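Below is one structure, written out as structure tokens, with a few remarks after it.
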Amino acid sequence: MRAEQVLAALSRALGEKLQSYELRPREVGVSKKWTVEEIWAEVPREDIPRAVAALKALGPLHISIITGHDAGEKIELLYHLAVGFGTEGGEVMVTLRTFLPKEDPTVPSICGILPGAETTEREKIEFLGVDFPGIPRRDHVFLPDDLPVHPWRRDEPELEKFIRRMVEWEKDDGAKS
Amino acid sequence: MERNPEGENLEYGALEEVFEVPIGPIHPALKEPIRFTFQVRGERIVDVQIRTGFAHRGIEFMGMRQGRNLIQILYLSERICGICSVSHPIAFTQAVERAAGIEVPPRAQYIRVIISELERIHSHLLWAGVAAHELGFDTLLHLTWRVREKVLDILEELTGNRINYAIPIFGGVRRDITPEQYPRVWEAIRYYRGLLEELLDAFLRDPTVEARTRGVGILEPKEAEELCAVGPTARASGLRKDVRQDRPYLAYSDFEVKAITPADYGLTPVGDVYDKIVVRLLEVGQSLDIIEKALENMPEGEITSFPKIPALLAHLKKAEGEGLGWHEAPRGEVIHYVRLVSGEESPLIWKVKAPTYSNLLSWYPMFEDQEVADIPIIAACIDPCICCMDRVYIVRNGKEETWTKEELLRLSWEKTRRMRR
Amino acid sequence: MSGWAIFGQAVVVLVGGGLVGLFYRGVDRKIAARMQARIGPPLRQPFLDLGKLLVKETVIPKTAVAWLFSAMPFLAVLASFTALLYLPLGPFGPVLEGHGDAILVLYLLAIPALAMALGGFASGSPLGVVGAQRELVMLMSYEFPLAVVLVAVAWRLSELGLAPAFSLGTMAQNPLWGAVGPLGIIGLALLLVSLLVVTPAELAKIPFDIPEAETEIAGGLMVEYSGTYLALFYLADAVRTVVMAGLVVALFIPYGLAGRLGLSGAVGDVVDLAFWLFKVLLVMVVAVTTVRVGMARLKVDQIARGFWLRITAVALSGLLLLVLDKVVMG
């Protein structure tokens with residue numbers, strides 16, 4: 001698998017919806033040099049399933065993780081996918097970047113195409129309060145089901161209180177005892 | 001331990017009734033807290049619910065939001081997992097090096113490879129012993145753990161610690177392998193070369209081990225691919241999926257690593273527990289090969305591009321960018337994503353993915369229609385590392401209410417005070 | 001014999017049996033440890049364990065059927081110790097005997113297993129219930145080959161005109177090995193093998209420890225037992241080991257040493273008793289210790305369907321060969 005192939009497939013599937021892309025090859029090896037390809041592309045949120053389906057059509061697809069970030073006005077999600085494992089140096093790392101507005105933080109689930117994405121999508125639900133319509137299970141993975149806050153949101157007033165309460169209480173009681 | 005609501009009126013028809021068997025969060029078969037709730041009919045598993053998060057420590061949050069600098073976070077990342085304690089730093093340093101544009105000298109790359117392969121040997125032997133114990137075969141547990149001591153000794157010799165080696169740092173490694181240490185590493189390699197056949201024999205040709213692991217906890221190749229299983233879990237199903245092969249990093253392209261499946265041992269991959277034993281034991285041999293090659297071809301030169309820590313910190317503070325770092329840990333793919341912003345010591349984003357995170361879903365098909373007796377070995381077969389996967393400060397007691405750390409801490413302080421009186 | 005004499009003997013045998021049982025448990029653990037390249041606990045460890053358990057709090061879970069739950073440990077101890085009284089002890093005959101005591105011993109050996117299963121059901125814990133179900137399945141699988149062995153030996157004895165045939169005393173005094181032809185010897189050997197395989201199952205040791213199976217069901221039927229009750233089960237288990245090994249010795253290796261060495265009287269008795277204790281230890285080490293060190297735990301269906309069919313077949317063919325031997329050789 002080469003990066004050009006992957007890029008061609010992505011642009012075929014998405015057309016101008018492929019908002020921007022960048023190739024970031026990395027040189028590895030000491031005596032045997034090798035170039036590992038990385039593609040970083042930006043895609044509108046509603047086109048994420050289409051992009052993933054296009055990648056899946058290319059070869060065995062693996063999702064490593066979805067990174068989430070509260071970028072102020074928006075929530076940024078980065079889908080780290082790897083296309084085409086099985087041969088030496090044959091895998092291309094594709095990162096799909098998408099932005100969700102805070103007032104409507106939803107993005108279609110890709111579990112229908114890639115069932116292995118369930119854990120990481122569920123994690124985003126509990127940590128960032130993003131919703132994934134179409135996900136088969138949405139219960140929490142790591143946090144208690146009744147936790148009132150999404151810890152990775154940077155605008156959570158509850159969270160600050162939560163942590164402050166914990167830390168101050170510890171100091172307070174620790175001093176007394 | 002949860003009580004079965006129907007437990008009291010279990011009568012003669014019990015064998016046909018579906019009842020709930022809770023395994024965990026604390027259970028002898030589990031080395032770390034996780035809860036499986038099995039619906040069981042007779043001895044057959046009908047359904048399972050998996051609940052994780054009992055050991056979540058919020059490590060990513062601590063890294064991103066509590067003002068730690070990158071070097072402090074490096075040691076934090078090392079403590080994500082005690083067993084793969086060099087895998088997380090290797091992935092993390094690569095991510096940061098990529099984001100900050102730092103080069104790693106060849107010798108440092110080789111040293112990182114050697115340490116991580118030694119770690120793989122110790123982790124796989126550890127797993128093999130645990131697997132034997134889950135099967136009720138304690139003799140094998142004692143024997144494998146005894147031979148595991150050798151590799152821990154070597155790791156201690158090279159790094160100063162049996163676990164948490166503190167070897168990688170941004171731009172290189174912290175300790176060189178000195179000339180007088182080479183013979184000891186060679187001696188350990190010879191020791192394991194001689195033992196490998198014996199280990200394979202003890203595990204793979206034992207009729208009771210075979211009876212308990214063949215056809216148990218099968219993960220079909222198609223399921224493994226769809227659920228994005230990683231590491232030996234995927235390879236046992238016949239997928240040639242190994243980050244060292246697919247996306248080489250560090251000096252791994254020098255060693256031409258090939259993903260190992262049971263086919264390399266002359267078996268047709270089935271994806272059961274037996275195949276997982278095969279893959280892990282063969283990988284011990286593979287790691288020995290890699291270490292040998294690395295020792296033979298070890299390049300001379302610097303071990304770090306930033307010998308002075310203040311200079312490194314200053315460089316990192318100025319750096320701006322994002323990067324991915326990956327590594328094939330003993331259990332599978334570890335991946336770290338880091339985004340640095342100029343003028344900040346902490347990264348803006350730090351995302352960690354441990355192998356068990358990917359393999360979590362594989363448990364569902366593996367438990368399907370299996371027997372209660374197979375629960376421990378299936379639970380163990382992906383070599384779960386719960387503390388790796390769980391990373392917040394809340395402890396749940398399995399009931400409706402939430403017990404936060406502060407409450408538990410208060411309770412324990414109260415108890416201490418009671419005892420002092 | 002007067003009632004008092006029997007009572008005195010019984011006390012000696014019961015106390016001695018308990019001590020030997022616990023001591024042998026220590027030996028078993030030590031040998032197993034050495035085989036696994038460990039140092040192992042000191043020989044007195046079982047006594048310490050028992051003492052510690054006796055001073056610990058005994059918890060009865062809220063969901064348990066309390067009377068049944070608490071009665072079972074006593075029943076198990078009672079049955080195991082009673083079985084001791086019917087066991088031929090080397091040079092000495094059994095303290096108690098009567099028509100059909102061999103069958104009684106069979107039942108006395110089954111009662112602790114049943115008591116543990118009932119205790120597991122009564123504990124109200126799902127793990128206990130799973131363990132109890134497994135115990136019952138095991139009980140059904142190993143009782144039949146065990147009965148076949150006893151019946152075969154008793155039948156052959158009765159054919160020799162010895163009565164009472166279903167008595168362990170008679171069995172111990174009349175070893176069959178010399179009384180049968182070559183076919184019979186093979187038959188007896190098969191019976192001995194099946195009895196040795198049944199032994200770890202009867203005692204629920206690896207590979208047959210599925211009712212407890214620590215890593216699977218966290219101790220299974222024992223999971224809710226603690227303190228005194230657990231100590232009682234522990235003691236019953238140690239005594240059962242001696243009874244089971246003593247049964248193998250009585251049926252197949254009842255030979256004494258004193259006659260051969262030309263010793264008689266008190267010295268001869270002491271030598272024979274020591275030799276008997278050694279034989280019991282040997283059976284335990286062969287059938288329990290080495291087996292549990294060398295194998296993984298089997299699953300319940302592997303035991304019930306695959307394994308026990310074979311052992312029953314071995315026992316039955318032993319019986320058949322004995323019959324053939326009698327018919328052919330007269």
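Chain labels follow the order of the structure tokens: the first chain is A, the next B, and so on; residue numbering restarts at 1 in every chain, and ligands are counted from 1 in their shown order.
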Quiz item: If you count only C-alpha atoms, which residues fall within 9 Å of stretch 118-126 of chain A, apart from same-chain ones fewer than 6 positions away, as number ranges by chain?
Solution: A: 64-68, 109-111, 132, 135-143, 145, 147, 149-151; B: 227, 357-358, 360-361
For the contact check between chain B and chain A, emit one row per residue of chain B within 7 Å, containing the shortest atom pair and the distance in Å rounded to one decimal, counting only C-alpha atoms, chain then rising number order, as JSON lines.
```
{"residue": "B:Arg51", "atom": "CA", "partner": "A:Val141", "partner_atom": "CA", "distance": 6.8}
{"residue": "B:Thr52", "atom": "CA", "partner": "A:Phe142", "partner_atom": "CA", "distance": 5.7}
{"residue": "B:Gly53", "atom": "CA", "partner": "A:Phe142", "partner_atom": "CA", "distance": 3.8}
{"residue": "B:His56", "atom": "CA", "partner": "A:Phe142", "partner_atom": "CA", "distance": 6.5}
{"residue": "B:Pro106", "atom": "CA", "partner": "A:Val30", "partner_atom": "CA", "distance": 6.0}
{"residue": "B:Glu226", "atom": "CA", "partner": "A:Pro115", "partner_atom": "CA", "distance": 5.8}
{"residue": "B:Leu227", "atom": "CA", "partner": "A:Gly116", "partner_atom": "CA", "distance": 3.6}
{"residue": "B:Cys228", "atom": "CA", "partner": "A:Gly116", "partner_atom": "CA", "distance": 5.0}
{"residue": "B:Arg240", "atom": "CA", "partner": "A:Gly86", "partner_atom": "CA", "distance": 4.8}
{"residue": "B:Lys241", "atom": "CA", "partner": "A:Gly86", "partner_atom": "CA", "distance": 5.4}
{"residue": "B:Gln245", "atom": "CA", "partner": "A:Glu88", "partner_atom": "CA", "distance": 4.9}
{"residue": "B:Asp246", "atom": "CA", "partner": "A:Gly89", "partner_atom": "CA", "distance": 4.5}
{"residue": "B:Arg247", "atom": "CA", "partner": "A:Gly89", "partner_atom": "CA", "distance": 5.0}
{"residue": "B:Pro248", "atom": "CA", "partner": "A:Gly89", "partner_atom": "CA", "distance": 6.1}
{"residue": "B:Tyr249", "atom": "CA", "partner": "A:Val28", "partner_atom": "CA", "distance": 5.7}
{"residue": "B:Leu250", "atom": "CA", "partner": "A:Val28", "partner_atom": "CA", "distance": 5.9}
{"residue": "B:Ala251", "atom": "CA", "partner": "A:Gly29", "partner_atom": "CA", "distance": 4.3}
{"residue": "B:Tyr252", "atom": "CA", "partner": "A:Gly29", "partner_atom": "CA", "distance": 6.4}
{"residue": "B:Ser253", "atom": "CA", "partner": "A:Gly29", "partner_atom": "CA", "distance": 5.2}
{"residue": "B:Asp254", "atom": "CA", "partner": "A:Lys32", "partner_atom": "CA", "distance": 5.0}
{"residue": "B:Ile349", "atom": "CA", "partner": "A:His69", "partner_atom": "CA", "distance": 6.8}
{"residue": "B:Lys351", "atom": "CA", "partner": "A:Thr67", "partner_atom": "CA", "distance": 6.1}
{"residue": "B:Lys353", "atom": "CA", "partner": "A:Ile65", "partner_atom": "CA", "distance": 6.5}
{"residue": "B:Leu361", "atom": "CA", "partner": "A:Gly116", "partner_atom": "CA", "distance": 7.0}
{"residue": "B:Asp390", "atom": "CA", "partner": "A:Phe142", "partner_atom": "CA", "distance": 6.3}
{"residue": "B:Arg396", "atom": "CA", "partner": "A:Pro144", "partner_atom": "CA", "distance": 6.6}
{"residue": "B:Glu406", "atom": "CA", "partner": "A:Met166", "partner_atom": "CA", "distance": 6.1}
```
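All of the residues in chain C within 8 Å of chain B are Met35, Gln36, Ala37, Arg38, Thr63, Ala64, Gly124, Ser125, Pro126, Leu127, Val130, Ile206, Pro207, Ala213, Glu214, Thr215, Glu216, Ala218, Val293, Gly294, Met295, Ala296, Arg297, Leu298, Lys299 and Val300 of chain C, where only C-alpha atoms were counted.
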Take the residues from that selection and put them in a file with C-alpha atoms, as a PDB file, in the first residue's frame.
```pdb
ATOM      1  CA  MET C  35       8.851 -30.975  42.556  1.00  0.00           C
ATOM      2  CA  GLN C  36       8.024 -27.425  41.491  1.00  0.00           C
ATOM      3  CA  ALA C  37      11.471 -26.201  42.507  1.00  0.00           C
ATOM      4  CA  ARG C  38      10.141 -24.299  45.478  1.00  0.00           C
ATOM      5  CA  THR C  63     -28.427 -15.437  52.026  1.00  0.00           C
ATOM      6  CA  ALA C  64     -27.412 -18.859  53.322  1.00  0.00           C
ATOM      7  CA  GLY C 124     -26.526 -18.865  48.609  1.00  0.00           C
ATOM      8  CA  SER C 125     -23.546 -17.841  46.530  1.00  0.00           C
ATOM      9  CA  PRO C 126     -23.724 -18.458  42.774  1.00  0.00           C
ATOM     10  CA  LEU C 127     -20.122 -19.631  42.838  1.00  0.00           C
ATOM     11  CA  VAL C 130     -21.750 -23.901  40.486  1.00  0.00           C
ATOM     12  CA  ILE C 206      -6.009 -31.430  40.669  1.00  0.00           C
ATOM     13  CA  PRO C 207      -6.905 -32.449  37.928  1.00  0.00           C
ATOM     14  CA  ALA C 213     -11.297 -24.474  41.183  1.00  0.00           C
ATOM     15  CA  GLU C 214      -9.762 -21.379  42.732  1.00  0.00           C
ATOM     16  CA  THR C 215      -9.095 -19.484  39.518  1.00  0.00           C
ATOM     17  CA  GLU C 216     -12.488 -20.298  38.006  1.00  0.00           C
ATOM     18  CA  ALA C 218     -12.932 -18.736  43.596  1.00  0.00           C
ATOM     19  CA  VAL C 293       1.909 -31.458  40.280  1.00  0.00           C
ATOM     20  CA  GLY C 294       1.970 -32.896  36.788  1.00  0.00           C
ATOM     21  CA  MET C 295      -1.397 -31.931  35.405  1.00  0.00           C
ATOM     22  CA  ALA C 296      -3.722 -29.054  34.620  1.00  0.00           C
ATOM     23  CA  ARG C 297      -7.276 -28.915  35.901  1.00  0.00           C
ATOM     24  CA  LEU C 298      -9.780 -30.718  33.683  1.00  0.00           C
ATOM     25  CA  LYS C 299     -13.233 -29.457  32.851  1.00  0.00           C
ATOM     26  CA  VAL C 300     -16.406 -31.038  34.170  1.00  0.00           C
TER      27      VAL C 300
END
```
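When atom CA of B:Glu368 is paired with atom CA of B:Arg205, their separation reads 26.7 Å.
Atom pair atom CA of B:Asp47 / atom CA of C:Ala204 has a distance of 29.1 Å (rounded to one decimal).
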Exercise. Looking only at helix (DSSP H, G or I) from DSSP on the backbone, list the matching residues of stretch 6-157 of chain A as number ranges by chain.
Key: A: 6-17, 45-58, 115-128, 157
Keeping only C-alpha atoms, write the selected residues to a file as a short mmCIF file (atom, residue, chain, number, x, y, z; two decimals), in the first residue's frame.
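What follows is the written file again-v1.cif:
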```
data_model
loop_
_atom_site.label_atom_id
_atom_site.label_comp_id
_atom_site.auth_asym_id
_atom_site.auth_seq_id
_atom_site.Cartn_x
_atom_site.Cartn_y
_atom_site.Cartn_z
CA VAL A 6 -4.84 5.80 -0.31
CA LEU A 7 -5.07 9.43 -1.17
CA ALA A 8 -6.56 8.66 -4.59
CA ALA A 9 -9.20 6.46 -3.00
CA LEU A 10 -10.04 9.14 -0.47
CA SER A 11 -10.39 11.87 -3.06
CA ARG A 12 -12.46 9.58 -5.31
CA ALA A 13 -14.86 8.89 -2.48
CA LEU A 14 -15.03 12.38 -1.08
CA GLY A 15 -14.44 14.77 -3.99
CA GLU A 16 -14.04 18.27 -2.74
CA LYS A 17 -15.25 17.16 0.69
CA ARG A 45 -18.03 15.27 10.15
CA GLU A 46 -20.91 13.86 8.07
CA ASP A 47 -18.40 12.39 5.62
CA ILE A 48 -16.40 10.42 8.17
CA PRO A 49 -18.27 7.13 7.48
CA ARG A 50 -17.77 7.57 3.75
CA ALA A 51 -14.07 8.16 4.18
CA VAL A 52 -13.73 5.12 6.47
CA ALA A 53 -15.67 2.96 4.02
CA ALA A 54 -13.38 4.08 1.20
CA LEU A 55 -10.33 3.14 3.28
CA LYS A 56 -11.85 -0.20 4.16
CA ALA A 57 -12.38 -0.98 0.49
CA LEU A 58 -8.61 -0.64 0.01
CA PRO A 115 -17.02 -2.70 14.67
CA GLY A 116 -13.68 -2.31 16.41
CA ALA A 117 -14.27 1.43 16.79
CA GLU A 118 -16.87 0.89 19.52
CA THR A 119 -14.65 1.21 22.59
CA THR A 120 -13.01 4.40 21.47
CA GLU A 121 -16.31 5.99 20.40
CA ARG A 122 -17.83 5.11 23.77
CA GLU A 123 -14.85 6.66 25.48
CA LYS A 124 -15.48 9.92 23.62
CA ILE A 125 -19.12 9.89 24.78
CA GLU A 126 -18.13 9.81 28.45
CA PHE A 127 -15.04 12.01 28.31
CA LEU A 128 -16.11 14.68 25.82
CA PRO A 157 -17.52 24.41 35.60
#
```
Self-check item: Exercise: B:Pro299 partners within 10 Å, only C-alpha atoms, chain neighbours under 3 positions left out, as an MDAnalysis selection string
Solution: (chainID A and resid 30:31) or (chainID B and resid 105:111 294:296 302)
Write out, as an mmCIF file, in the first residue's frame, the residues just selected, with N, CA and C atoms.
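Heads up, here's the output in result_31.cif:
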```
data_model
loop_
_atom_site.group_PDB
_atom_site.id
_atom_site.type_symbol
_atom_site.label_atom_id
_atom_site.label_comp_id
_atom_site.auth_asym_id
_atom_site.auth_seq_id
_atom_site.Cartn_x
_atom_site.Cartn_y
_atom_site.Cartn_z
ATOM 1 N N VAL A 30 18.213 2.231 10.472
ATOM 2 C CA VAL A 30 19.595 2.686 10.557
ATOM 3 C C VAL A 30 20.361 2.162 9.362
ATOM 4 N N SER A 31 20.456 0.790 9.226
ATOM 5 C CA SER A 31 21.182 0.250 8.078
ATOM 6 C C SER A 31 20.226 0.024 6.917
ATOM 7 N N PRO B 105 19.801 9.408 17.762
ATOM 8 C CA PRO B 105 21.012 8.770 17.250
ATOM 9 C C PRO B 105 20.808 7.262 17.073
ATOM 10 N N PRO B 106 21.478 6.657 16.053
ATOM 11 C CA PRO B 106 21.282 5.231 15.780
ATOM 12 C C PRO B 106 21.501 4.337 16.998
ATOM 13 N N ARG B 107 22.570 4.615 17.743
ATOM 14 C CA ARG B 107 22.861 3.748 18.887
ATOM 15 C C ARG B 107 21.704 3.753 19.894
ATOM 16 N N ALA B 108 21.115 4.929 20.090
ATOM 17 C CA ALA B 108 19.995 5.029 21.026
ATOM 18 C C ALA B 108 18.803 4.220 20.519
ATOM 19 N N GLN B 109 18.607 4.241 19.188
ATOM 20 C CA GLN B 109 17.506 3.460 18.626
ATOM 21 C C GLN B 109 17.708 1.981 18.902
ATOM 22 N N TYR B 110 18.978 1.529 18.733
ATOM 23 C CA TYR B 110 19.266 0.113 18.981
ATOM 24 C C TYR B 110 19.039 -0.239 20.447
ATOM 25 N N ILE B 111 19.463 0.643 21.324
ATOM 26 C CA ILE B 111 19.297 0.338 22.755
ATOM 27 C C ILE B 111 17.804 0.257 23.098
ATOM 28 N N ALA B 294 20.823 -7.082 16.977
ATOM 29 C CA ALA B 294 21.058 -5.723 17.459
ATOM 30 C C ALA B 294 22.406 -5.629 18.161
ATOM 31 N N LEU B 295 22.750 -6.668 18.928
ATOM 32 C CA LEU B 295 24.026 -6.636 19.637
ATOM 33 C C LEU B 295 25.192 -6.705 18.654
ATOM 34 N N GLU B 296 25.005 -7.550 17.598
ATOM 35 C CA GLU B 296 26.071 -7.713 16.619
ATOM 36 C C GLU B 296 26.318 -6.428 15.837
ATOM 37 N N GLU B 302 26.844 8.600 19.767
ATOM 38 C CA GLU B 302 26.132 9.220 20.885
ATOM 39 C C GLU B 302 24.912 8.404 21.267
#
```
Quiz prompt | Selected residue, from B:Ala55, B:Ile73, B:Val270, B:Ile34, that lies nearest to B:Gly238 when counting only C-alpha atoms | solution = B:Val270
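Of note, atom CA of A:Val43 and atom CA of A:Leu81 are spaced 13.8 Å apart.
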Practice problem: Write out as a ChimeraX atom specification which residues come within 12 Å of C:Glu159 when counting only C-alpha atoms, dropping same-chain ones fewer than 5 positions away. | Solution: /C:152-154,164-165,176,179-180,322-323,325-327,330
Stretch 211-325 of chain B near stretch 185-200 of chain B within 10 Å: what's each residue's closest atom pair and its distance in Å to one decimal, counting only C-alpha atoms, ordered by chain then ascending residue number, as a tab-separated table?
```
residue	atom	partner	partner_atom	distance
B:Ile277	CA	B:Leu200	CA	9.0
B:Val278	CA	B:Leu200	CA	7.8
B:Leu281	CA	B:Leu200	CA	6.8
B:Leu282	CA	B:Leu200	CA	8.3
B:Val284	CA	B:Leu196	CA	7.9
B:Gly285	CA	B:Leu196	CA	7.1
B:Ser287	CA	B:Ile189	CA	9.7
B:Leu288	CA	B:Ile189	CA	6.3
B:Asp289	CA	B:Ile189	CA	8.9
B:Ile291	CA	B:Ile189	CA	8.3
B:Glu292	CA	B:Ile189	CA	7.8
B:Leu295	CA	B:Trp186	CA	8.6
```
Quiz prompt | Shell around C:Gly246 at 10 Å using only C-alpha atoms, local window under 4 positions removed, as a ChimeraX atom specification | solution = /C:84,87-90,240-242,250-254,276-277,279-281,283-284
Would you put the residues from that selection into a file with N, CA and C atoms, as a PDB file, in the first residue's frame?
```
ATOM      1  N   LEU C  84     -12.504 -43.874  59.501  1.00  0.00           N
ATOM      2  CA  LEU C  84     -11.223 -44.328  60.067  1.00  0.00           C
ATOM      3  C   LEU C  84     -11.394 -45.581  60.905  1.00  0.00           C
ATOM      4  N   LEU C  87     -11.240 -48.922  59.127  1.00  0.00           N
ATOM      5  CA  LEU C  87     -10.082 -49.150  58.273  1.00  0.00           C
ATOM      6  C   LEU C  87      -9.100 -50.110  58.938  1.00  0.00           C
ATOM      7  N   PRO C  88      -8.675 -51.177  58.227  1.00  0.00           N
ATOM      8  CA  PRO C  88      -7.647 -52.040  58.804  1.00  0.00           C
ATOM      9  C   PRO C  88      -6.332 -51.262  58.885  1.00  0.00           C
ATOM     10  N   LEU C  89      -5.701 -51.309  60.070  1.00  0.00           N
ATOM     11  CA  LEU C  89      -4.512 -50.488  60.278  1.00  0.00           C
ATOM     12  C   LEU C  89      -3.276 -51.368  60.338  1.00  0.00           C
ATOM     13  N   GLY C  90      -2.838 -51.848  59.196  1.00  0.00           N
ATOM     14  CA  GLY C  90      -1.639 -52.686  59.179  1.00  0.00           C
ATOM     15  C   GLY C  90      -1.824 -53.925  60.033  1.00  0.00           C
ATOM     16  N   ARG C 240      -9.822 -37.821  55.213  1.00  0.00           N
ATOM     17  CA  ARG C 240     -10.288 -38.588  54.052  1.00  0.00           C
ATOM     18  C   ARG C 240      -9.108 -39.067  53.205  1.00  0.00           C
ATOM     19  N   THR C 241      -8.082 -38.239  53.124  1.00  0.00           N
ATOM     20  CA  THR C 241      -6.906 -38.650  52.356  1.00  0.00           C
ATOM     21  C   THR C 241      -6.337 -39.936  52.925  1.00  0.00           C
ATOM     22  N   VAL C 242      -6.228 -39.979  54.273  1.00  0.00           N
ATOM     23  CA  VAL C 242      -5.694 -41.183  54.904  1.00  0.00           C
ATOM     24  C   VAL C 242      -6.623 -42.361  54.650  1.00  0.00           C
ATOM     25  N   ALA C 250      -5.481 -51.501  51.894  1.00  0.00           N
ATOM     26  CA  ALA C 250      -6.211 -52.664  52.394  1.00  0.00           C
ATOM     27  C   ALA C 250      -6.616 -53.580  51.245  1.00  0.00           C
ATOM     28  N   LEU C 251      -7.013 -52.994  50.114  1.00  0.00           N
ATOM     29  CA  LEU C 251      -7.504 -53.813  49.011  1.00  0.00           C
ATOM     30  C   LEU C 251      -6.367 -54.476  48.247  1.00  0.00           C
ATOM     31  N   PHE C 252      -5.280 -53.753  48.039  1.00  0.00           N
ATOM     32  CA  PHE C 252      -4.293 -54.255  47.091  1.00  0.00           C
ATOM     33  C   PHE C 252      -2.900 -54.492  47.658  1.00  0.00           C
ATOM     34  N   ILE C 253      -2.488 -53.767  48.681  1.00  0.00           N
ATOM     35  CA  ILE C 253      -1.133 -53.998  49.207  1.00  0.00           C
ATOM     36  C   ILE C 253      -1.162 -54.179  50.728  1.00  0.00           C
ATOM     37  N   PRO C 254      -1.883 -55.189  51.202  1.00  0.00           N
ATOM     38  CA  PRO C 254      -2.016 -55.333  52.652  1.00  0.00           C
ATOM     39  C   PRO C 254      -0.860 -56.059  53.311  1.00  0.00           C
ATOM     40  N   TRP C 276       2.819 -49.845  57.400  1.00  0.00           N
ATOM     41  CA  TRP C 276       1.492 -49.489  56.897  1.00  0.00           C
ATOM     42  C   TRP C 276       1.407 -47.977  56.652  1.00  0.00           C
ATOM     43  N   LEU C 277       1.909 -47.221  57.618  1.00  0.00           N
ATOM     44  CA  LEU C 277       1.887 -45.757  57.463  1.00  0.00           C
ATOM     45  C   LEU C 277       2.684 -45.351  56.231  1.00  0.00           C
ATOM     46  N   LYS C 279       3.153 -47.187  53.554  1.00  0.00           N
ATOM     47  CA  LYS C 279       2.405 -47.563  52.355  1.00  0.00           C
ATOM     48  C   LYS C 279       1.316 -46.524  52.067  1.00  0.00           C
ATOM     49  N   VAL C 280       0.652 -46.069  53.127  1.00  0.00           N
ATOM     50  CA  VAL C 280      -0.389 -45.047  52.947  1.00  0.00           C
ATOM     51  C   VAL C 280       0.233 -43.789  52.342  1.00  0.00           C
ATOM     52  N   LEU C 281       1.401 -43.421  52.878  1.00  0.00           N
ATOM     53  CA  LEU C 281       2.090 -42.235  52.365  1.00  0.00           C
ATOM     54  C   LEU C 281       2.445 -42.413  50.890  1.00  0.00           C
ATOM     55  N   VAL C 283       1.036 -44.358  48.648  1.00  0.00           N
ATOM     56  CA  VAL C 283      -0.159 -44.264  47.796  1.00  0.00           C
ATOM     57  C   VAL C 283      -0.538 -42.796  47.613  1.00  0.00           C
ATOM     58  N   MET C 284      -0.474 -42.040  48.714  1.00  0.00           N
ATOM     59  CA  MET C 284      -0.856 -40.631  48.624  1.00  0.00           C
ATOM     60  C   MET C 284       0.078 -39.890  47.668  1.00  0.00           C
TER      61      MET C 284
END
```
Quiz prompt | Selection: 8 Å around B:Asn69, only C-alpha atoms, excl. self and same-chain fewer than 4 positions, as a ChimeraX atom specification | solution = /B:73,345-347
